$ cat entry-v7.cif   # mmCIF, C-alpha atoms
data_coords
#
loop_
_atom_site.label_atom_id
_atom_site.label_comp_id
_atom_site.auth_asym_id
_atom_site.auth_seq_id
_atom_site.Cartn_x
_atom_site.Cartn_y
_atom_site.Cartn_z
CA MET A 206 0.00 0.00 0.00
CA PRO A 207 1.64 3.27 -1.11
CA SER A 208 1.68 6.03 1.44
CA LEU A 209 -0.30 9.25 0.97
CA LYS A 210 2.86 11.11 0.07
CA ASP A 211 3.76 8.56 -2.60
CA LEU A 212 0.33 8.94 -4.15
CA ARG A 213 0.57 12.72 -4.10
CA ASN A 214 3.94 12.59 -5.85
CA ARG A 215 2.64 10.19 -8.44
CA ILE A 216 -0.32 12.42 -9.26
CA ALA A 217 1.95 15.44 -9.56
CA SER A 218 4.28 13.66 -11.96
CA VAL A 219 1.44 12.41 -14.17
CA LYS A 220 0.04 15.94 -14.25
CA ALA A 221 3.41 17.28 -15.41
CA THR A 222 3.56 14.65 -18.14
CA GLN A 223 0.06 15.53 -19.24
CA LYS A 224 1.06 19.16 -19.60
CA ILE A 225 3.94 18.19 -21.85
CA THR A 226 1.90 15.89 -24.07
CA LYS A 227 -0.81 18.50 -24.37
CA ALA A 228 1.72 21.13 -25.43
CA MET A 229 3.23 18.72 -27.95
CA GLN A 230 -0.18 18.03 -29.37
CA MET A 231 -0.87 21.72 -29.88
CA VAL A 232 2.53 22.31 -31.47
CA ALA A 233 1.93 19.35 -33.78
CA ALA A 234 -1.47 20.73 -34.74
CA ALA A 235 0.04 24.08 -35.70
CA LYS A 236 2.87 22.42 -37.62
CA LEU A 237 0.43 20.08 -39.30
CA ARG A 238 -1.50 22.98 -40.75
CA ARG A 239 1.68 24.39 -42.25
CA ALA A 240 2.88 21.02 -43.53
CA GLN A 241 -0.50 20.30 -45.06
CA ALA A 242 -0.55 23.64 -46.84
CA ALA A 243 2.94 22.98 -48.19
CA ALA A 244 1.94 19.52 -49.40
CA GLU A 245 -1.10 20.94 -51.11
CA ALA A 246 0.88 23.76 -52.71
CA ALA A 247 3.27 21.22 -54.23
CA ARG A 248 0.52 19.09 -55.74
CA PRO A 249 -0.19 21.16 -58.90
CA TYR A 250 3.47 21.14 -59.91
CA ALA A 251 3.76 17.39 -59.47
CA SER A 252 0.58 16.66 -61.39
CA LYS A 253 1.50 19.05 -64.23
CA MET A 254 4.91 17.44 -64.37
CA GLU A 255 3.30 14.03 -64.62
CA ALA A 256 1.03 15.16 -67.46
CA VAL A 257 3.93 16.65 -69.42
CA LEU A 258 6.03 13.56 -68.85
CA ALA A 259 3.23 11.19 -69.88
CA ASN A 260 2.81 13.21 -73.06
CA LEU A 261 6.51 13.02 -73.84
CA ALA A 262 6.89 9.38 -72.89
CA ALA A 263 4.04 8.43 -75.20
CA GLY A 264 6.16 9.69 -78.11
CA ILE A 265 9.36 7.96 -77.07
CA SER A 266 9.27 4.26 -76.47
CA GLY A 267 11.18 1.10 -77.20
CA SER A 268 14.93 0.88 -77.18
CA ASP A 269 15.69 4.58 -77.54
CA ALA A 270 13.97 5.48 -74.26
CA PRO A 271 16.41 6.90 -71.69
CA ALA A 272 17.48 4.59 -68.86
CA LEU A 273 15.90 6.81 -66.18
CA LEU A 274 12.51 6.30 -67.83
CA ALA A 275 12.59 2.64 -68.79
CA GLY A 276 15.24 1.29 -66.44
CA ASN A 277 18.49 -0.26 -67.59
CA GLY A 278 16.89 -3.59 -68.35
CA LYS A 279 18.23 -5.32 -65.26
CA ASP A 280 16.56 -6.23 -62.00
CA GLN A 281 19.41 -7.38 -59.79
CA VAL A 282 20.38 -4.54 -57.47
CA HIS A 283 17.57 -2.71 -55.69
CA LEU A 284 17.91 0.64 -53.99
CA LEU A 285 15.38 1.39 -51.28
CA ILE A 286 15.02 5.01 -50.27
CA VAL A 287 13.38 4.98 -46.87
CA CYS A 288 12.04 8.36 -45.75
CA THR A 289 11.21 8.67 -42.06
CA ALA A 290 11.08 11.37 -39.42
CA GLU A 291 13.94 12.85 -37.43
CA ARG A 292 12.04 12.64 -34.17
CA GLY A 293 10.08 10.02 -32.32
CA LEU A 294 6.97 10.30 -30.16
CA CYS A 295 4.68 10.13 -33.14
CA GLY A 296 2.93 6.83 -32.66
CA ALA A 297 3.59 4.06 -35.15
CA PHE A 298 4.55 6.51 -37.91
CA ASN A 299 8.20 5.52 -38.25
CA SER A 300 7.68 1.86 -37.44
CA SER A 301 5.02 1.37 -40.08
CA ILE A 302 7.23 2.78 -42.83
CA VAL A 303 10.13 0.67 -41.62
CA ARG A 304 7.91 -2.42 -41.44
CA LEU A 305 6.88 -1.99 -45.06
CA ALA A 306 10.50 -1.51 -46.10
CA ARG A 307 11.59 -4.51 -44.07
CA GLU A 308 9.02 -6.77 -45.71
CA ARG A 309 10.27 -5.64 -49.11
CA ILE A 310 13.90 -6.14 -48.12
CA ASN A 311 13.25 -9.66 -46.87
CA SER A 312 11.35 -10.70 -49.97
CA LEU A 313 14.06 -9.23 -52.21
CA LEU A 314 16.82 -10.96 -50.27
CA ALA A 315 14.89 -14.23 -50.40
CA ALA A 316 14.68 -13.86 -54.18
CA GLY A 317 18.46 -13.56 -54.31
CA LYS A 318 18.58 -9.86 -55.14
CA THR A 319 21.11 -7.38 -53.83
CA VAL A 320 19.61 -4.69 -51.60
CA LYS A 321 21.01 -1.24 -50.92
CA ILE A 322 19.34 1.19 -48.57
CA LEU A 323 19.42 4.96 -48.49
CA CYS A 324 17.92 6.32 -45.29
CA VAL A 325 16.39 9.76 -45.15
CA GLY A 326 15.74 10.67 -41.53
CA LYS A 327 17.36 9.41 -38.39
CA LYS A 328 14.57 7.25 -37.01
CA GLY A 329 14.40 4.90 -39.97
CA PHE A 330 18.14 4.50 -39.91
CA GLU A 331 18.12 3.59 -36.23
CA GLN A 332 15.49 0.90 -36.77
CA LEU A 333 16.99 -0.56 -39.94
CA LYS A 334 20.55 -0.50 -38.62
CA ARG A 335 19.77 -3.37 -36.25
CA ASN A 336 19.26 -5.96 -38.97
CA TYR A 337 20.51 -4.48 -42.19
CA GLU A 338 23.50 -2.34 -41.29
CA ARG A 339 25.71 -3.70 -44.07
CA HIS A 340 23.06 -2.86 -46.68
CA ILE A 341 22.80 0.80 -45.73
CA ILE A 342 24.92 2.86 -48.09
CA ASP A 343 24.08 6.36 -46.93
CA VAL A 344 22.03 8.39 -44.49
CA VAL A 345 20.60 11.80 -45.31
CA ASP A 346 20.25 13.95 -42.24
CA LEU A 347 17.54 16.59 -42.37
CA ARG A 348 17.73 17.54 -38.70
CA SER A 349 19.27 20.93 -39.38
CA VAL A 350 16.59 21.75 -41.96
CA LYS A 351 13.95 23.99 -40.45
CA TYR A 352 11.87 24.64 -43.52
CA LEU A 353 11.65 21.79 -46.00
CA GLY A 354 12.41 23.23 -49.44
CA TYR A 355 12.86 21.90 -52.94
CA GLY A 356 16.63 22.19 -52.48
CA GLU A 357 16.75 19.25 -50.08
CA ALA A 358 14.82 17.03 -52.47
CA GLU A 359 17.12 18.09 -55.29
CA MET A 360 20.14 17.14 -53.23
CA ILE A 361 18.78 13.64 -52.59
CA ALA A 362 17.78 13.29 -56.24
CA THR A 363 21.28 14.25 -57.40
CA LYS A 364 22.71 11.63 -55.10
CA VAL A 365 20.34 8.93 -56.38
CA ILE A 366 20.90 9.78 -60.04
CA GLY A 367 24.65 9.83 -59.50
CA LEU A 368 24.50 6.33 -58.05
CA PHE A 369 22.31 5.16 -60.92
CA GLU A 370 24.69 6.49 -63.52
CA GLN A 371 27.60 4.76 -61.82
CA GLY A 372 25.65 1.52 -62.15
CA GLU A 373 25.31 1.11 -58.40
CA PHE A 374 21.71 -0.12 -58.69
CA ASP A 375 19.08 -1.08 -61.26
CA VAL A 376 15.76 -0.36 -59.60
CA ALA A 377 14.90 2.35 -57.07
CA THR A 378 11.88 2.38 -54.80
CA LEU A 379 10.80 5.21 -52.53
CA PHE A 380 9.22 4.48 -49.15
CA TYR A 381 7.22 7.14 -47.38
CA SER A 382 3.91 7.70 -45.69
CA ARG A 383 1.05 9.15 -47.68
CA PHE A 384 -1.06 11.65 -45.78
CA ARG A 385 -4.75 10.90 -46.03
CA SER A 386 -6.06 12.44 -42.84
CA VAL A 387 -4.96 13.20 -39.32
CA ILE A 388 -5.85 9.71 -38.18
CA SER A 389 -4.88 7.85 -41.32
CA GLN A 390 -1.42 7.78 -42.87
CA ILE A 391 -0.66 5.08 -45.38
CA PRO A 392 2.87 3.75 -45.72
CA THR A 393 3.56 3.62 -49.44
CA ALA A 394 6.19 2.13 -51.72
CA GLN A 395 6.60 3.97 -54.99
CA GLY A 396 8.76 3.00 -57.95
CA LEU A 397 11.19 5.79 -58.81
CA ILE A 398 13.46 4.23 -61.44
CA PRO A 399 12.11 3.07 -63.85
CA ALA A 400 9.57 5.88 -63.71
CA GLU A 401 6.01 5.00 -62.89
CA ILE A 402 3.93 6.88 -65.43
CA ALA A 403 0.20 6.72 -65.61
CA SER A 404 -0.39 5.44 -69.13
CA GLY A 405 -3.31 6.51 -71.24
CA GLY A 406 -3.28 9.97 -69.67
CA GLY A 407 -1.86 11.67 -72.74
CA GLY A 408 -4.23 10.14 -75.25
CA THR A 409 -4.33 13.23 -77.40
CA LYS A 410 -0.88 13.28 -78.87
CA ALA A 411 -0.71 16.78 -80.27
CA ALA A 412 1.83 17.79 -82.87
CA TYR A 413 4.22 19.46 -80.48
CA GLU A 414 7.11 21.61 -81.44
CA TYR A 415 10.12 21.10 -79.21
CA GLU A 416 12.91 23.43 -78.43
CA PRO A 417 15.57 21.97 -78.05
CA ASP A 418 14.57 18.55 -79.38
CA GLU A 419 12.37 15.99 -77.69
CA ALA A 420 15.11 13.69 -76.41
CA GLU A 421 17.01 16.56 -74.87
CA ILE A 422 13.97 17.87 -73.05
CA LEU A 423 13.19 14.41 -71.78
CA SER A 424 16.73 13.97 -70.53
CA THR A 425 16.50 17.11 -68.40
CA LEU A 426 12.93 16.48 -67.39
CA LEU A 427 13.50 13.00 -65.99
CA PRO A 428 16.02 13.96 -63.29
CA ARG A 429 13.74 16.82 -62.36
CA ASN A 430 10.82 14.44 -62.12
CA ILE A 431 12.77 12.33 -59.63
CA ALA A 432 13.48 15.40 -57.54
CA VAL A 433 9.80 16.33 -57.64
CA GLN A 434 8.72 12.84 -56.60
CA ILE A 435 11.15 12.91 -53.69
CA PHE A 436 10.01 16.41 -52.76
CA ARG A 437 6.42 15.28 -52.71
CA ALA A 438 7.32 12.26 -50.61
CA LEU A 439 9.15 14.48 -48.11
CA LEU A 440 6.21 16.86 -47.84
CA GLU A 441 3.65 14.08 -47.49
CA ASN A 442 5.90 12.54 -44.88
CA ALA A 443 6.16 15.81 -42.95
CA ALA A 444 2.39 16.19 -42.90
CA SER A 445 1.91 12.54 -41.92
CA GLU A 446 4.46 12.85 -39.14
CA GLN A 447 2.68 15.81 -37.58
CA GLY A 448 -0.69 14.13 -37.98
CA ALA A 449 0.57 10.96 -36.35
CA ARG A 450 2.18 12.94 -33.55
CA MET A 451 -0.97 14.91 -32.99
CA SER A 452 -3.15 11.83 -32.56
CA ALA A 453 -0.50 10.04 -30.50
CA MET A 454 -0.21 12.99 -28.15
CA ASP A 455 -3.97 13.33 -27.97
CA ASN A 456 -4.15 9.73 -26.83
CA ALA A 457 -1.36 10.27 -24.34
CA THR A 458 -3.11 13.31 -22.88
CA ARG A 459 -6.32 11.36 -22.49
CA ASN A 460 -4.53 8.42 -20.87
CA ALA A 461 -2.82 10.76 -18.44
CA GLY A 462 -6.19 12.27 -17.56
CA GLU A 463 -7.62 8.84 -16.78
CA MET A 464 -4.60 7.96 -14.71
CA ILE A 465 -4.91 11.16 -12.70
CA LYS A 466 -8.56 10.41 -12.04
CA LYS A 467 -7.80 6.89 -10.84
CA GLN A 468 -4.92 7.96 -8.65
CA THR A 469 -6.89 10.83 -7.13
CA GLN A 470 -9.68 8.45 -6.22
CA LYS A 471 -7.21 6.07 -4.64
CA TYR A 472 -5.62 8.97 -2.77
CA ASN A 473 -8.99 10.15 -1.39
CA ARG A 474 -10.00 6.62 -0.39
CA SER A 475 -6.83 6.00 1.58
CA ARG A 476 -7.04 9.44 3.19
CA GLN A 477 -10.62 8.67 4.28
CA ALA A 478 -9.54 5.24 5.55
CA MET A 479 -6.82 6.85 7.61
CA ILE A 480 -9.21 9.36 9.19
CA THR A 481 -11.69 6.59 10.04
CA LYS A 482 -8.94 4.51 11.55
CA GLU A 483 -7.79 7.38 13.75
CA LEU A 484 -11.34 8.10 14.87
CA ILE A 485 -11.90 4.45 15.82
CA GLU A 486 -8.68 4.50 17.79
CA ILE A 487 -9.76 7.60 19.73
CA ILE A 488 -13.26 6.31 20.40
CA SER A 489 -12.16 2.86 21.50
CA GLY A 490 -9.49 4.48 23.67
CA ALA A 491 -12.14 6.67 25.36
CA GLU A 492 -14.45 3.69 25.85
CA ALA A 493 -11.76 1.68 27.56
CA LEU A 494 -11.39 4.30 30.31
CA MET B 252 -7.88 40.48 -77.43
CA ALA B 253 -8.51 36.82 -76.82
CA SER B 254 -7.19 35.42 -73.59
CA PHE B 255 -5.99 31.96 -72.71
CA PRO B 256 -5.47 30.05 -69.43
CA PHE B 257 -2.01 30.52 -67.97
CA GLU B 258 -0.44 28.80 -65.00
CA LEU B 259 2.91 29.43 -63.41
CA VAL B 260 3.83 26.84 -60.79
CA SER B 261 6.97 26.17 -58.80
CA PRO B 262 7.42 23.08 -56.60
CA GLU B 263 6.65 25.19 -53.55
CA ARG B 264 3.55 27.06 -54.68
CA VAL B 265 1.29 28.21 -57.50
CA LEU B 266 2.29 31.75 -58.46
CA PHE B 267 -0.23 32.53 -61.15
CA SER B 268 -3.34 30.79 -62.28
CA GLY B 269 -5.86 32.51 -64.49
CA GLU B 270 -6.46 34.16 -67.83
CA ALA B 271 -3.82 36.14 -69.70
CA THR B 272 -3.71 37.64 -73.16
CA GLN B 273 0.04 37.80 -73.60
CA VAL B 274 2.92 36.19 -71.73
CA VAL B 275 6.62 36.57 -72.46
CA VAL B 276 8.66 33.51 -71.49
CA PRO B 277 12.48 33.20 -71.50
CA ALA B 278 12.81 30.02 -73.55
CA SER B 279 16.14 28.27 -73.99
CA GLU B 280 16.71 29.68 -77.47
CA GLY B 281 15.39 33.17 -76.95
CA GLU B 282 12.36 34.89 -75.53
CA ILE B 283 9.01 33.85 -76.90
CA THR B 284 5.72 35.64 -76.59
CA VAL B 285 2.68 33.43 -76.22
CA LEU B 286 -0.69 34.68 -77.40
CA ALA B 287 -4.03 32.88 -77.52
CA ASN B 288 -4.26 29.93 -79.96
CA HIS B 289 -0.51 29.43 -80.05
CA ALA B 290 0.59 26.18 -81.70
CA PRO B 291 1.49 23.35 -79.27
CA PHE B 292 4.99 24.02 -78.16
CA MET B 293 7.36 22.86 -75.49
CA SER B 294 10.61 24.36 -74.41
CA ALA B 295 13.15 24.37 -71.64
CA LEU B 296 13.54 27.67 -69.79
CA ARG B 297 16.65 29.62 -69.10
CA THR B 298 17.05 31.96 -66.16
CA GLY B 299 15.11 35.13 -66.79
CA ILE B 300 11.88 37.00 -66.30
CA VAL B 301 8.35 36.01 -67.21
CA THR B 302 6.24 39.03 -68.09
CA ILE B 303 2.46 38.79 -67.96
CA ASP B 304 0.28 41.31 -69.80
CA ASN B 305 -1.08 42.82 -66.60
CA GLY B 306 2.41 44.09 -65.84
CA GLN B 307 3.31 41.37 -63.39
CA ARG B 308 6.94 40.29 -63.70
CA LEU B 309 8.38 37.16 -62.15
CA PHE B 310 11.90 35.83 -61.90
CA VAL B 311 12.20 32.17 -62.98
CA ARG B 312 15.11 29.77 -62.95
CA GLY B 313 15.11 26.38 -64.65
CA GLY B 314 12.07 24.51 -65.81
CA PHE B 315 9.75 24.17 -68.77
CA ALA B 316 7.11 26.00 -70.68
CA ASP B 317 4.34 23.91 -72.17
CA VAL B 318 1.86 25.37 -74.62
CA SER B 319 -1.06 23.17 -75.51
CA ALA B 320 -4.71 23.48 -76.40
CA ALA B 321 -5.35 23.78 -72.65
CA GLY B 322 -3.22 26.93 -72.41
CA LEU B 323 0.26 27.79 -71.24
CA THR B 324 1.87 26.08 -68.27
CA VAL B 325 5.23 27.19 -66.94
CA LEU B 326 6.88 24.70 -64.59
CA ALA B 327 9.70 26.60 -62.94
CA GLU B 328 12.17 25.14 -60.51
CA GLN B 329 12.34 28.49 -58.78
CA ALA B 330 9.96 31.38 -59.29
CA VAL B 331 9.69 34.64 -57.37
CA PRO B 332 7.62 37.74 -58.18
CA LEU B 333 9.95 40.68 -58.78
CA ASP B 334 8.17 42.90 -56.26
CA GLU B 335 8.93 40.35 -53.55
CA ILE B 336 12.65 40.68 -54.14
CA ASN B 337 14.35 43.26 -52.02
CA PRO B 338 17.70 44.29 -53.59
CA GLU B 339 19.28 45.09 -50.23
CA ALA B 340 18.24 41.80 -48.66
CA LEU B 341 19.41 40.04 -51.80
CA SER B 342 22.89 41.57 -51.70
CA GLY B 343 23.04 40.56 -48.04
CA GLN B 344 22.17 37.02 -49.03
CA ILE B 345 24.83 37.09 -51.72
CA ARG B 346 27.42 38.15 -49.16
CA ASN B 347 26.34 35.32 -46.88
CA ALA B 348 26.50 32.81 -49.72
CA GLU B 349 30.00 34.01 -50.62
CA GLU B 350 31.03 33.51 -47.02
CA ASP B 351 29.50 30.02 -47.00
CA LEU B 352 31.46 29.22 -50.13
CA ARG B 353 34.71 30.31 -48.50
CA ASP B 354 33.98 28.35 -45.33
CA ALA B 355 32.93 25.19 -47.16
CA LYS B 356 34.99 22.24 -46.04
CA SER B 357 33.88 19.38 -48.27
CA ASP B 358 33.28 19.34 -52.02
CA GLU B 359 29.62 18.56 -51.50
CA VAL B 360 29.05 21.59 -49.29
CA ARG B 361 31.05 23.75 -51.67
CA ALA B 362 28.99 22.63 -54.67
CA ARG B 363 25.76 23.45 -52.84
CA ALA B 364 27.04 26.87 -51.78
CA GLN B 365 28.19 27.59 -55.32
CA ALA B 366 24.80 26.62 -56.74
CA LYS B 367 23.06 28.87 -54.24
CA LEU B 368 25.37 31.77 -55.05
CA ASP B 369 24.84 31.32 -58.80
CA GLY B 370 21.09 31.39 -58.27
CA LEU B 371 21.29 34.58 -56.21
CA ASN B 372 23.59 36.27 -58.69
CA ALA B 373 21.25 35.40 -61.54
CA MET B 374 18.38 36.90 -59.57
CA MET B 375 20.40 40.06 -58.94
CA ALA B 376 21.26 40.38 -62.64
CA ALA B 377 17.60 39.86 -63.53
CA ILE B 378 16.30 42.67 -61.35
CA ARG B 379 19.00 45.09 -62.47
CA ASN B 380 17.69 45.00 -66.03
#
$ encode --input "entry-v7.cif" --output "structure tokens"
Amino acid sequence: MPSLKDLRNRIASVKATQKITKAMQMVAAAKLRRAQAAAEAARPYASKMEAVLANLAAGISGSDAPALLAGNGKDQVHLLIVCTAERGLCGAFNSSIVRLARERINSLLAAGKTVKILCVGKKGFEQLKRNYERHIIDVVDLRSVKYLGYGEAEMIATKVIGLFEQGEFDVATLFYSRFRSVISQIPTAQGLIPAEIASGGGGTKAAYEYEPDEAEILSTLLPRNIAVQIFRALLENAASEQGARMSAMDNATRNAGEMIKKQTQKYNRSRQAMITKELIEIISGAEAL
Amino acid sequence: MASFPFELVSPERVLFSGEATQVVVPASEGEITVLANHAPFMSALRTGIVTIDNGQRLFVRGGFADVSAAGLTVLAEQAVPLDEINPEALSGQIRNAEEDLRDAKSDEVRARAQAKLDGLNAMMAAIRN
């Protein structure tokens, strides 16, 4: 049986925790609004880019398609780009991305493929390091980045394209969490190289004039498309992270509230019991005289 | 004069979306002026200024212009309205970038600093004209 003082201390500490989780929830809510706006602002660019690319890709096919579009014809070495958060305390956000990546890694390894991992974000690296340390080729640290801009995505894209051109891998897949709503984030695997292009979108193949020529435009557009895809993944991830943190902290605040209620009741009961006990002692003492 | 739908988008935001009658775009092989009913056309952009008929001028760097039956779409890697650029703040940023370049320790950091400086210098040159 804990003493009254113990109970009082416990209640005080849970109350302090509740204050922290509540503050974190509010911060996450504010950040979520910003992240969501950023993700929405980036959507038109990405969808326009896709439309232009689909239009161009419809014209170029077969053997003269660039390697970034059609792949290099091999399927041996896979690069997995795993985007996670830099911070924890956001529910199952990081773990669910890592779980999806891990399933893919295991099935690829079982099929005798070579796997290379590029981690974006510290948390994913920490979780993957345990089992797959020798597969991890690089970690991109975004901790010092306050405002997620296109520059960061471009930097990662340059790195990935550089590796591809050196023949370090054949197929690249991007892992991130798609933001659907505050309570629902969907871990997603998206093919990056070869490019996943929605076919049939550019049905009306207009007689375009190109300046410079078609192939040259495509060769500058493809690397840019990769950067845009990564940028979108990073933004979706940022929004998902804040959403996940918000609901996790909401839960934590509610749990703390319940705990406080329970402990307070226990505290009052034992205080009452003590008073009764003292009274009985006094009365029975007086009776004995 | 007939107008056509025009959109200017950068990865970070949509800068213009609406009707325009005349837009001047810095295409890779010289400036082109797009009017309504322009033939389908696609071009890479060079660093320069997009001028819209209502007098709005925007700095753009890298990207594509796409003219189709649906109108003109400019996909710019970086796009900033000229009135949002403050020459004094910009020259401050250029000084900072030059410092970063000097302090850069690894090749990777140096390349990033150089790219940033080039972008800022291009912006400076664009607003001077």
$ closest_residue --input "entry-v7.cif" --among "A:Leu305, A:Met479, A:Cys324, A:Ala246" --to "Cys288 in chain A" --atoms "only C-alpha atoms"
A:Cys324
$ resolve_selection --input "entry-v7.cif" --expression "the PyMOL selection byres ((chain B) within 10 of (chain A))" --output "VMD selection string"
chain B and resid 258 to 266 278 to 280 290 to 296 313 to 320 324 to 329 359 363 367
$ residues_around --input "entry-v7.cif" --residues "Leu341 in chain B" --least-positions-apart "3" --cutoff "9 Å" --atoms "only C-alpha atoms" --output "list in words"
Ile336, Asn337, Pro338, Gln344, Ile345, Arg346, Leu371, Asn372, Met374 and Met375 of chain B
$ atom_distance --input "entry-v7.cif" --atom1 "CA of Thr393 in chain A" --atom2 "CA of Ile431 in chain A"
16.3 Å
$ resolve_selection --input "entry-v7.cif" --expression "the PyMOL selection byres ((chain B and resi 255) around 9)" --output "list in words"
Ala253, Ser254, Pro256, Phe257, Gly269, Glu270, Ala271, Thr272, Gln273, Leu286, Ala287, Asn288, Ala321, Gly322 and Leu323 of chain B
$ write_last_selection --input "entry-v7.cif" --atoms "C-alpha atoms" --output "CSV table (one decimal), in the coordinates of the input"
chain,number,residue,atom,x,y,z
B,253,ALA,CA,-8.5,36.8,-76.8
B,254,SER,CA,-7.2,35.4,-73.6
B,256,PRO,CA,-5.5,30.0,-69.4
B,257,PHE,CA,-2.0,30.5,-68.0
B,269,GLY,CA,-5.9,32.5,-64.5
B,270,GLU,CA,-6.5,34.2,-67.8
B,271,ALA,CA,-3.8,36.1,-69.7
B,272,THR,CA,-3.7,37.6,-73.2
B,273,GLN,CA,0.0,37.8,-73.6
B,286,LEU,CA,-0.7,34.7,-77.4
B,287,ALA,CA,-4.0,32.9,-77.5
B,288,ASN,CA,-4.3,29.9,-80.0
B,321,ALA,CA,-5.4,23.8,-72.6
B,322,GLY,CA,-3.2,26.9,-72.4
B,323,LEU,CA,0.3,27.8,-71.2
$ atom_distance --input "entry-v7.cif" --atom1 "CA of Ser424 in chain A" --atom2 "CA of Ile300 in chain B"
23.9 Å
$ closest_residue --input "entry-v7.cif" --among "B:Asp369, B:Glu282, B:Glu339, B:Asp334" --to "Val301 in chain B" --atoms "all atoms listed in the file"
B:Glu282
$ axis_aligned_box --input "entry-v7.cif" --around "range 336-345 of chain B" --padding-each-side "3 Å" --output "JSON"
{"center_x": 18.7, "center_y": 41.1, "center_z": -51.1, "size_x": 18.2, "size_y": 14.1, "size_z": 12.1}
$ atom_distance --input "entry-v7.cif" --atom1 "CA of Gln307 in chain B" --atom2 "CA of Ile283 in chain B"
16.5 Å
$ resolve_selection --input "entry-v7.cif" --expression "the PyMOL selection byres ((chain A and resi 216) around 10)" --output "PyMOL selection string"
chain A and resi 210-215+217-222+461+464-469+472
$ closest_residue --input "entry-v7.cif" --among "A:Ala394, A:Met231, A:Ser389, A:Gln281" --to "Glu308 in chain A" --atoms "all atoms listed in the file"
A:Ala394
$ decode --input "entry-v7.cif" --residues "range 256-272 of chain B" --atoms "N, CA and C atoms" --output "PDB file, in the first residue's frame"
ATOM      1  N   PRO B 256      -5.837  30.394 -70.804  1.00  0.00           N
ATOM      2  CA  PRO B 256      -5.469  30.049 -69.426  1.00  0.00           C
ATOM      3  C   PRO B 256      -3.951  29.959 -69.285  1.00  0.00           C
ATOM      4  N   PHE B 257      -3.450  30.546 -68.222  1.00  0.00           N
ATOM      5  CA  PHE B 257      -2.006  30.515 -67.974  1.00  0.00           C
ATOM      6  C   PHE B 257      -1.752  30.102 -66.531  1.00  0.00           C
ATOM      7  N   GLU B 258      -0.808  29.212 -66.357  1.00  0.00           N
ATOM      8  CA  GLU B 258      -0.440  28.803 -65.004  1.00  0.00           C
ATOM      9  C   GLU B 258       1.061  28.855 -64.844  1.00  0.00           C
ATOM     10  N   LEU B 259       1.493  29.429 -63.733  1.00  0.00           N
ATOM     11  CA  LEU B 259       2.915  29.429 -63.411  1.00  0.00           C
ATOM     12  C   LEU B 259       3.057  28.743 -62.060  1.00  0.00           C
ATOM     13  N   VAL B 260       3.702  27.574 -62.050  1.00  0.00           N
ATOM     14  CA  VAL B 260       3.834  26.843 -60.790  1.00  0.00           C
ATOM     15  C   VAL B 260       5.295  26.519 -60.508  1.00  0.00           C
ATOM     16  N   SER B 261       5.659  26.610 -59.246  1.00  0.00           N
ATOM     17  CA  SER B 261       6.967  26.165 -58.799  1.00  0.00           C
ATOM     18  C   SER B 261       6.693  25.013 -57.835  1.00  0.00           C
ATOM     19  N   PRO B 262       7.706  24.212 -57.479  1.00  0.00           N
ATOM     20  CA  PRO B 262       7.421  23.082 -56.595  1.00  0.00           C
ATOM     21  C   PRO B 262       6.822  23.531 -55.265  1.00  0.00           C
ATOM     22  N   GLU B 263       7.098  24.769 -54.871  1.00  0.00           N
ATOM     23  CA  GLU B 263       6.647  25.193 -53.553  1.00  0.00           C
ATOM     24  C   GLU B 263       5.273  25.850 -53.551  1.00  0.00           C
ATOM     25  N   ARG B 264       4.880  26.456 -54.660  1.00  0.00           N
ATOM     26  CA  ARG B 264       3.548  27.057 -54.681  1.00  0.00           C
ATOM     27  C   ARG B 264       3.101  27.386 -56.108  1.00  0.00           C
ATOM     28  N   VAL B 265       1.829  27.747 -56.221  1.00  0.00           N
ATOM     29  CA  VAL B 265       1.292  28.208 -57.499  1.00  0.00           C
ATOM     30  C   VAL B 265       1.386  29.728 -57.490  1.00  0.00           C
ATOM     31  N   LEU B 266       2.094  30.305 -58.494  1.00  0.00           N
ATOM     32  CA  LEU B 266       2.293  31.745 -58.464  1.00  0.00           C
ATOM     33  C   LEU B 266       1.274  32.491 -59.292  1.00  0.00           C
ATOM     34  N   PHE B 267       0.780  31.853 -60.341  1.00  0.00           N
ATOM     35  CA  PHE B 267      -0.234  32.531 -61.147  1.00  0.00           C
ATOM     36  C   PHE B 267      -1.140  31.473 -61.734  1.00  0.00           C
ATOM     37  N   SER B 268      -2.414  31.719 -61.670  1.00  0.00           N
ATOM     38  CA  SER B 268      -3.343  30.792 -62.284  1.00  0.00           C
ATOM     39  C   SER B 268      -4.551  31.599 -62.713  1.00  0.00           C
ATOM     40  N   GLY B 269      -4.740  31.714 -64.015  1.00  0.00           N
ATOM     41  CA  GLY B 269      -5.860  32.512 -64.495  1.00  0.00           C
ATOM     42  C   GLY B 269      -5.725  32.807 -65.976  1.00  0.00           C
ATOM     43  N   GLU B 270      -6.457  33.817 -66.413  1.00  0.00           N
ATOM     44  CA  GLU B 270      -6.461  34.160 -67.830  1.00  0.00           C
ATOM     45  C   GLU B 270      -5.399  35.224 -68.111  1.00  0.00           C
ATOM     46  N   ALA B 271      -4.769  35.124 -69.270  1.00  0.00           N
ATOM     47  CA  ALA B 271      -3.817  36.142 -69.696  1.00  0.00           C
ATOM     48  C   ALA B 271      -3.964  36.299 -71.203  1.00  0.00           C
ATOM     49  N   THR B 272      -3.623  37.468 -71.706  1.00  0.00           N
ATOM     50  CA  THR B 272      -3.706  37.636 -73.162  1.00  0.00           C
ATOM     51  C   THR B 272      -2.336  37.546 -73.802  1.00  0.00           C
TER      52      THR B 272
END
